[in-house]
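**Student:** Sharing coords.cif, mmCIF, C-alpha atoms:
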data_data
loop_
_atom_site.label_atom_id
_atom_site.label_comp_id
_atom_site.auth_asym_id
_atom_site.auth_seq_id
_atom_site.Cartn_x
_atom_site.Cartn_y
_atom_site.Cartn_z
CA MET A 26 -17.52 4.62 -24.89
CA GLY A 27 -14.65 7.11 -25.28
CA LYS A 28 -11.15 5.72 -25.02
CA ILE A 29 -8.99 7.53 -22.43
CA ALA A 30 -5.18 7.60 -22.41
CA LEU A 31 -3.68 7.95 -18.93
CA ILE A 32 -0.44 9.95 -18.68
CA THR A 33 1.90 10.96 -15.90
CA ASP A 34 5.54 12.01 -15.61
CA SER A 35 8.58 10.11 -14.40
CA THR A 36 8.55 11.70 -10.94
CA ALA A 37 5.61 9.42 -10.09
CA ASP A 38 8.24 6.68 -9.57
CA LEU A 39 6.00 3.97 -11.02
CA THR A 40 7.66 0.62 -11.61
CA ARG A 41 7.82 -0.75 -15.14
CA GLU A 42 5.41 -3.47 -14.06
CA MET A 43 2.86 -0.92 -12.82
CA GLN A 44 3.16 1.10 -16.02
CA LYS A 45 2.48 -1.97 -18.13
CA GLU A 46 -0.26 -3.43 -15.93
CA LEU A 47 -2.20 -0.15 -15.66
CA ASN A 48 -1.48 1.00 -19.24
CA ILE A 49 0.16 4.25 -18.17
CA HIS A 50 2.15 6.50 -20.51
CA VAL A 51 5.07 8.27 -18.80
CA ILE A 52 6.75 11.44 -20.07
CA PRO A 53 10.26 11.75 -18.63
CA LEU A 54 11.83 14.73 -16.93
CA LYS A 55 15.51 15.33 -17.66
CA LEU A 56 18.69 15.09 -15.66
CA ARG A 57 22.11 16.60 -16.44
CA PHE A 58 25.44 15.55 -14.93
CA GLU A 59 27.71 18.40 -16.07
CA ASP A 60 27.76 17.99 -19.90
CA GLU A 61 25.85 14.70 -20.04
CA GLU A 62 22.05 14.77 -20.22
CA PHE A 63 19.69 11.87 -19.61
CA LYS A 64 15.98 11.41 -19.81
CA ASP A 65 14.74 10.17 -16.44
CA SER A 66 14.04 6.77 -18.02
CA GLU A 67 17.55 6.43 -19.48
CA ILE A 68 19.33 6.02 -16.14
CA THR A 69 18.29 3.59 -13.42
CA SER A 70 17.98 4.60 -9.80
CA GLU A 71 20.95 2.39 -8.94
CA GLU A 72 23.12 4.04 -11.60
CA PHE A 73 21.96 7.48 -10.53
CA TYR A 74 22.80 7.12 -6.83
CA THR A 75 26.23 5.67 -7.69
CA ARG A 76 26.98 8.65 -9.95
CA LEU A 77 25.56 11.11 -7.42
CA ALA A 78 27.94 9.83 -4.73
CA ALA A 79 30.89 10.25 -7.10
CA SER A 80 29.89 13.64 -8.50
CA ASN A 81 31.56 16.85 -7.35
CA SER A 82 28.53 18.94 -8.25
CA LEU A 83 24.78 18.48 -7.95
CA PRO A 84 23.11 17.37 -11.18
CA LYS A 85 20.56 19.71 -12.75
CA THR A 86 16.99 18.70 -13.49
CA SER A 87 14.57 20.09 -16.04
CA GLN A 88 10.92 19.60 -16.86
CA PRO A 89 9.57 18.51 -20.26
CA SER A 90 9.12 21.50 -22.57
CA PRO A 91 5.75 22.32 -24.16
CA ASP A 92 7.13 20.87 -27.41
CA ASP A 93 8.04 17.66 -25.57
CA PHE A 94 4.44 17.42 -24.40
CA ILE A 95 3.10 18.14 -27.88
CA ARG A 96 5.19 15.33 -29.35
CA PHE A 97 4.04 13.04 -26.53
CA TYR A 98 0.35 13.95 -26.75
CA GLN A 99 -0.10 13.91 -30.54
CA PRO A 100 0.07 10.15 -31.24
CA LEU A 101 -2.03 9.44 -28.15
CA LEU A 102 -4.73 11.84 -29.36
CA GLU A 103 -4.79 9.97 -32.67
CA GLU A 104 -5.37 6.66 -30.90
CA ASN A 105 -7.68 7.85 -28.09
CA ASP A 106 -10.69 10.09 -27.65
CA GLU A 107 -9.35 11.84 -24.56
CA ILE A 108 -6.19 12.25 -22.50
CA LEU A 109 -6.01 12.38 -18.70
CA SER A 110 -2.64 13.84 -17.71
CA ILE A 111 -1.68 13.81 -14.00
CA HIS A 112 1.58 15.45 -12.94
CA LEU A 113 4.03 16.55 -10.27
CA SER A 114 2.84 19.33 -7.96
CA SER A 115 2.84 22.76 -9.60
CA GLY A 116 4.26 24.03 -6.30
CA LEU A 117 7.48 22.11 -6.97
CA SER A 118 7.91 22.10 -10.76
CA GLY A 119 6.86 23.84 -13.96
CA THR A 120 5.93 20.50 -15.58
CA LEU A 121 2.22 21.20 -15.27
CA ASN A 122 2.62 24.59 -16.97
CA SER A 123 4.34 22.95 -19.94
CA ALA A 124 1.44 20.51 -20.22
CA HIS A 125 -1.09 23.37 -20.22
CA ILE A 126 0.80 25.24 -22.97
CA ALA A 127 0.87 22.07 -25.09
CA LYS A 128 -2.85 21.55 -24.52
CA GLU A 129 -3.63 25.09 -25.74
CA LYS A 130 -1.56 24.58 -28.89
CA LEU A 131 -3.05 21.18 -29.71
CA LYS A 132 -6.68 22.11 -28.99
CA GLY A 133 -7.21 18.45 -28.14
CA ASN A 134 -9.48 16.83 -25.58
CA ILE A 135 -6.84 16.88 -22.85
CA HIS A 136 -7.58 17.03 -19.13
CA ILE A 137 -4.66 18.08 -16.91
CA VAL A 138 -4.59 17.40 -13.16
CA ASP A 139 -2.24 18.86 -10.56
CA SER A 140 -1.50 15.98 -8.20
CA LYS A 141 -0.24 18.45 -5.57
CA THR A 142 2.20 15.77 -4.43
CA ILE A 143 5.37 13.93 -5.44
CA SER A 144 6.73 10.46 -6.13
CA LEU A 145 4.42 7.64 -5.08
CA GLY A 146 1.86 10.16 -3.86
CA ILE A 147 1.32 10.82 -7.58
CA GLY A 148 1.41 7.07 -8.07
CA LEU A 149 -1.61 6.66 -5.78
CA MET A 150 -3.59 9.12 -7.90
CA ILE A 151 -2.55 7.26 -11.05
CA ILE A 152 -3.65 3.91 -9.58
CA GLU A 153 -6.99 5.49 -8.65
CA ALA A 154 -7.40 6.99 -12.14
CA ALA A 155 -6.55 3.69 -13.83
CA GLU A 156 -9.21 1.88 -11.80
CA LEU A 157 -11.84 4.52 -12.60
CA ILE A 158 -11.04 4.31 -16.31
CA LYS A 159 -11.26 0.52 -16.17
CA LYS A 160 -14.72 0.81 -14.57
CA GLY A 161 -15.87 2.83 -17.57
CA LEU A 162 -16.45 6.14 -15.80
CA LYS A 163 -16.50 9.29 -17.91
CA ILE A 164 -14.02 12.12 -17.47
CA PRO A 165 -16.22 14.51 -15.38
CA GLU A 166 -16.87 11.81 -12.78
CA ILE A 167 -13.22 10.68 -12.85
CA LEU A 168 -12.02 14.23 -12.24
CA GLU A 169 -14.44 14.63 -9.34
CA LYS A 170 -13.30 11.39 -7.72
CA LEU A 171 -9.64 12.28 -8.26
CA SER A 172 -10.19 15.58 -6.48
CA THR A 173 -11.55 13.68 -3.48
CA ALA A 174 -8.70 11.17 -3.65
CA ARG A 175 -6.13 13.97 -3.71
CA GLU A 176 -7.52 15.39 -0.46
CA ASN A 177 -7.09 11.99 1.16
CA ILE A 178 -3.52 11.21 0.11
CA GLU A 179 -0.82 11.86 2.69
CA THR A 180 2.88 11.78 1.74
CA LEU A 181 5.70 11.82 4.29
CA PHE A 182 9.43 11.25 3.97
CA THR A 183 12.60 11.58 5.98
CA LEU A 184 15.95 12.82 4.72
CA ASN A 185 19.38 11.60 5.71
CA THR A 186 20.70 15.14 5.17
CA LEU A 187 19.42 18.59 4.25
CA GLU A 188 22.38 19.04 1.88
CA TYR A 189 20.52 18.14 -1.31
CA LEU A 190 17.41 20.22 -0.61
CA HIS A 191 19.71 23.12 0.16
CA LYS A 192 21.91 22.74 -2.93
CA GLY A 193 18.89 22.25 -5.16
CA GLY A 194 17.21 25.42 -3.92
CA ARG A 195 14.31 23.52 -2.31
CA ILE A 196 15.25 24.31 1.28
CA GLY A 197 12.95 27.33 1.14
CA LYS A 198 10.08 24.87 0.92
CA VAL A 199 11.01 23.67 4.40
CA PRO A 200 11.90 27.00 6.04
CA ASN A 201 11.75 25.92 9.67
CA LEU A 202 14.46 23.33 9.15
CA LEU A 203 17.18 25.56 7.71
CA GLY A 204 18.58 26.64 11.06
CA SER A 205 18.40 23.18 12.60
CA LEU A 206 21.42 21.36 13.91
CA LEU A 207 23.52 19.11 11.73
CA ASN A 208 22.97 15.37 11.85
CA ILE A 209 19.24 15.63 12.46
CA LYS A 210 16.85 13.62 10.35
CA PRO A 211 14.02 15.92 9.23
CA ILE A 212 10.57 14.52 8.55
CA VAL A 213 8.85 16.35 5.70
CA ARG A 214 5.21 16.33 4.67
CA VAL A 215 3.76 17.31 1.32
CA SER A 216 1.10 19.90 2.17
CA GLU A 217 -2.40 20.26 0.75
CA ASN A 218 -0.99 22.97 -1.55
CA GLY A 219 1.65 20.63 -2.93
CA THR A 220 4.71 22.14 -1.23
CA TYR A 221 7.08 20.81 1.42
CA ILE A 222 6.35 21.57 5.06
CA PRO A 223 8.23 20.34 8.17
CA GLN A 224 6.55 17.56 10.11
CA GLY A 225 9.25 17.05 12.72
CA ILE A 226 12.87 16.12 13.38
CA ALA A 227 14.62 13.11 14.83
CA ARG A 228 18.13 12.37 16.05
CA SER A 229 18.52 9.11 14.17
CA GLN A 230 17.06 7.37 11.14
CA GLY A 231 15.39 4.76 13.33
CA ARG A 232 13.58 7.46 15.29
CA SER A 233 12.62 9.27 12.08
CA LEU A 234 10.96 6.11 10.76
CA LYS A 235 8.98 5.76 14.00
CA SER A 236 8.00 9.42 13.69
CA ILE A 237 6.68 8.83 10.18
CA VAL A 238 4.52 5.96 11.41
CA ASN A 239 3.21 8.07 14.31
CA SER A 240 2.53 11.00 12.00
CA PHE A 241 0.55 8.83 9.59
CA GLN A 242 -1.51 7.54 12.50
CA ASP A 243 -2.22 11.12 13.58
CA LEU A 244 -3.09 12.15 10.02
CA ALA A 245 -5.47 9.22 9.64
CA ARG A 246 -7.97 11.02 11.88
CA GLY A 247 -10.29 8.01 11.92
CA ARG A 248 -10.13 7.59 8.15
CA LYS A 249 -9.79 4.14 6.61
CA PRO A 250 -6.48 3.39 4.84
CA LEU A 251 -7.02 2.15 1.29
CA ARG A 252 -3.56 1.93 -0.28
CA LEU A 253 0.00 2.11 1.00
CA VAL A 254 3.11 2.69 -1.11
CA VAL A 255 6.70 2.92 0.14
CA ALA A 256 9.89 4.16 -1.54
CA HIS A 257 13.52 4.76 -0.64
CA GLY A 258 16.58 6.42 -2.12
CA ALA A 259 19.56 4.08 -1.80
CA ALA A 260 18.30 3.04 1.65
CA HIS A 261 16.81 -0.41 1.06
CA GLN A 262 16.98 -1.72 4.62
CA ALA A 263 15.45 1.44 6.12
CA GLY A 264 12.77 1.27 3.43
CA ILE A 265 11.95 -2.31 4.43
CA GLU A 266 11.75 -1.27 8.08
CA LEU A 267 9.31 1.54 7.26
CA LYS A 268 7.25 -0.72 5.01
CA GLU A 269 6.91 -3.40 7.67
CA ALA A 270 6.13 -0.88 10.42
CA LEU A 271 3.38 0.77 8.35
CA GLU A 272 1.93 -2.56 7.23
CA THR A 273 1.68 -3.56 10.90
CA ALA A 274 0.32 -0.21 12.08
CA PHE A 275 -2.43 -0.09 9.45
CA ASN A 276 -2.95 -3.82 8.85
CA LEU A 277 -2.43 -3.15 5.15
CA LYS A 278 0.01 -4.66 2.66
CA ALA A 279 2.04 -2.21 0.61
CA PHE A 280 0.83 -1.93 -2.98
CA THR A 281 4.40 -1.33 -4.13
CA PHE A 282 7.91 -0.89 -2.75
CA THR A 283 10.45 0.82 -4.98
CA GLN A 284 13.32 3.29 -5.26
CA VAL A 285 12.92 7.05 -5.56
CA GLY A 286 13.85 8.00 -9.11
CA PRO A 287 16.71 10.25 -10.24
CA VAL A 288 14.86 13.56 -10.64
CA ILE A 289 13.33 13.48 -7.15
CA GLY A 290 16.54 11.92 -5.81
CA VAL A 291 18.61 14.93 -6.90
CA HIS A 292 16.76 17.04 -4.32
CA THR A 293 16.32 14.47 -1.56
CA GLY A 294 19.61 12.59 -1.80
CA PRO A 295 20.63 9.09 -0.69
CA GLY A 296 19.18 7.84 2.56
CA THR A 297 15.69 9.18 1.85
CA VAL A 298 12.81 6.97 2.99
CA GLY A 299 9.14 7.77 2.59
CA ALA A 300 5.62 6.57 2.04
CA ALA A 301 2.21 7.67 0.87
CA ILE A 302 -1.16 6.46 2.08
CA GLN A 303 -4.53 6.98 0.44
CA PHE A 304 -7.39 7.17 2.93
CA SER A 305 -11.14 7.14 2.49
#
If you convert what's in this file into structure tokens, what do you get?
**Tutor:**
Amino acid sequence: MGKIALITDSTADLTREMQKELNIHVIPLKLRFEDEEFKDSEITSEEFYTRLAASNSLPKTSQPSPDDFIRFYQPLLEENDEILSIHLSSGLSGTLNSAHIAKEKLKGNIHIVDSKTISLGIGLMIIEAAELIKKGLKIPEILEKLSTARENIETLFTLNTLEYLHKGGRIGKVPNLLGSLLNIKPIVRVSENGTYIPQGIARSQGRSLKSIVNSFQDLARGRKPLRLVVAHGAAHQAGIELKEALETAFNLKAFTFTQVGPVIGVHTGPGTVGAAIQFS
């Protein structure tokens, strides 16, 4: 049976425990505070949000280069028969393009998947892939099942402010929110095409959390919830509130609860709370 290496990037916001337990290899994106550059794995979420609050300018983010991917893929190709590489939506980053360029140069048995989502939405696809690999399925069947899984993953989040999406140039992904009043809490959905679309607005964080729960219930459309994951950006208490509300609404314990990592956090900012649910 061919040995498959499972790879994702740091925007999947997987905990260290999940990476180890599921045997996942993570290539980091990069983050620059003025003249100081970090790999996503070199700065914790706690450190990042502290520095973000104190920074006068928005940090810059960058994807791994094709050469970064080549250096990452090469030793894994030597130890495995195939690579399954699942990454941040191509609608939001050029990470996937770098992976494709590296694949062409290496000529290896590498299979690249556009998750068409972000953060723990990617994490749900990684969990699914890890289980399929563990069951001994071959790549064609894994890819087919991942395509189905992707269609049944819904990702929603609320922002404390539009400031970071605007500064980071991502506000165009949520065009209907640009002219909205200040102090609203927008609810954003990751679309089927892997871009941001507006799901609604609320006048307070508490109402935005309730709106997320209601939106997930609407999106369920009679489907059965399989996995729930919840994340927050420097908003632990709000994250707990959303987690408990979703667990109650769907009678389902969260698979993981964690912080949004630095690269995603640059664009969403502190106070972000969100979740992803995989349905069947």
**Student:** With a distance cut-off of 12 Å and only C-alpha atoms, select the neighbouring residues of A:Asn177, excluding the residue or stretch itself and same-chain residues fewer than 4 positions from it, and output the selection as a PyMOL selection string.
**Tutor:** chain A and resi 140-142+146+149-150+153+170-173+216-217+241+244-252+301-305
**Student:** Please identify all polymer residues within 7 Å of A:Phe182, counting all atoms listed in the file, omitting same-chain residues fewer than 5 positions from it, and present them as a PyMOL selection string.
**Tutor:** chain A and resi 212-214+297-300
**Student:** Using only C-alpha atoms, which of the listed residues (A:Ser110, A:Thr186, A:Ser87, A:Asn276) sits closest to A:Ala155?
**Tutor:**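 When distances to A:Ala155 are compared using only C-alpha atoms, the smallest one comes from A:Ser110.
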**Student:** Which of these, A:His292, A:Arg57, A:Lys163, A:Lys235, has the shortest distance to A:Gly27 once you count all atoms listed in the file?
**Tutor:** A:Lys163
**Student:** Of the candidates A:Val291, A:Leu168, A:Ile237, A:Ile68, which shows the shortest atom-to-atom distance to A:Pro84, using all atoms listed in the file?
**Tutor:**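 Ranking A:Val291, A:Leu168, A:Ile237, A:Ile68 by distance to A:Pro84, first place goes to A:Val291.
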**Student:** When you look at A:Gly133 with a cut-off of 10 Å (counting only C-alpha atoms), what residues show up, excluding the ones that are within fewer than 2 positions of it in the same chain? I need them as an MDAnalysis selection string.
**Tutor:** chainID A and resid 98:99 102:103 106:108 127:131 135:136
**Student:** Could you list, as an MDAnalysis selection string, every residue matched by the PyMOL selection byres ((chain A and resi 49-51) around 6) in this structure?
**Tutor:** chainID A and resid 31:35 44 47:48 52
**Student:** Running the PyMOL selection byres ((chain A and resi 293) around 8) on this model by hand, what would come out? Give it as a VMD selection string.
**Tutor:** chain A and resid 184 187 189 to 190 289 to 292 294 to 295 297
**Student:** How many Å separate atom CA of A:Phe97 from atom CA of A:Arg76?
**Tutor:**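 These atoms are spaced 28.6 Å apart.
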**Student:** What is the atom CA of A:Leu56-atom CA of A:Gln88 distance in Å, reported with one decimal?
**Tutor:**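 About the pair atom CA of A:Leu56 and atom CA of A:Gln88: they are 9.1 Å apart.
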**Student:** Could you please give me, as a list of chain:residue names, the residues of protein, DNA or RNA lying at most 12 Å from (23.8, 15.5, -19.0) in the coordinate frame of the file, considering all atoms listed in the file?
**Tutor:** A:Lys55, A:Leu56, A:Arg57, A:Phe58, A:Glu59, A:Asp60, A:Glu61, A:Glu62, A:Phe63, A:Lys64, A:Asp65, A:Glu67, A:Ile68, A:Phe73, A:Arg76, A:Leu83, A:Pro84, A:Lys85, A:Thr86, A:Ser87
**Student:** In terms of the shortest atom-to-atom distance over only C-alpha atoms, which of A:Ser114, A:Asn218, A:Asn105, A:Thr120 is closest to A:Asn134?
**Tutor:** A:Asn105
**Student:** Taking the file as shown, what set of residues would the PyMOL selection byres ((chain A and resi 278) around 10) give back, as a list of chain:residue names?
**Tutor:** A:Leu251, A:Arg252, A:Leu253, A:Val254, A:Lys268, A:Glu269, A:Leu271, A:Glu272, A:Thr273, A:Phe275, A:Asn276, A:Leu277, A:Ala279, A:Phe280, A:Thr281
**Student:** For atom CA of A:Gly231 and atom CA of A:Ala260, determine how far apart the two atoms are, in Å to one decimal place.
**Tutor:**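 According to the coordinates, atom CA of A:Gly231 and atom CA of A:Ala260 are separated by 12.2 Å.
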**Student:** Which residue, A:Ile126, A:Leu109, A:Ile265, A:Ile143, has the smallest gap to A:Thr36 when you use all atoms listed in the file?
**Tutor:** A:Ile143
**Student:** Pick out the residues sitting within 6 Å of A:Lys210, and hand them over as a short mmCIF file (atom, residue, chain, number, x, y, z; two decimals) with C-alpha atoms, in the coordinates of the input; count all atoms listed in the file, and ignore anything fewer than 4 positions along from it in its own chain.
**Tutor:**
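Result went into result_26.cif, see below:
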data_model
loop_
_atom_site.label_atom_id
_atom_site.label_comp_id
_atom_site.auth_asym_id
_atom_site.auth_seq_id
_atom_site.Cartn_x
_atom_site.Cartn_y
_atom_site.Cartn_z
CA LEU A 184 15.95 12.82 4.72
CA ASN A 185 19.38 11.60 5.71
CA ILE A 226 12.87 16.12 13.38
CA ALA A 227 14.62 13.11 14.83
CA ARG A 228 18.13 12.37 16.05
#
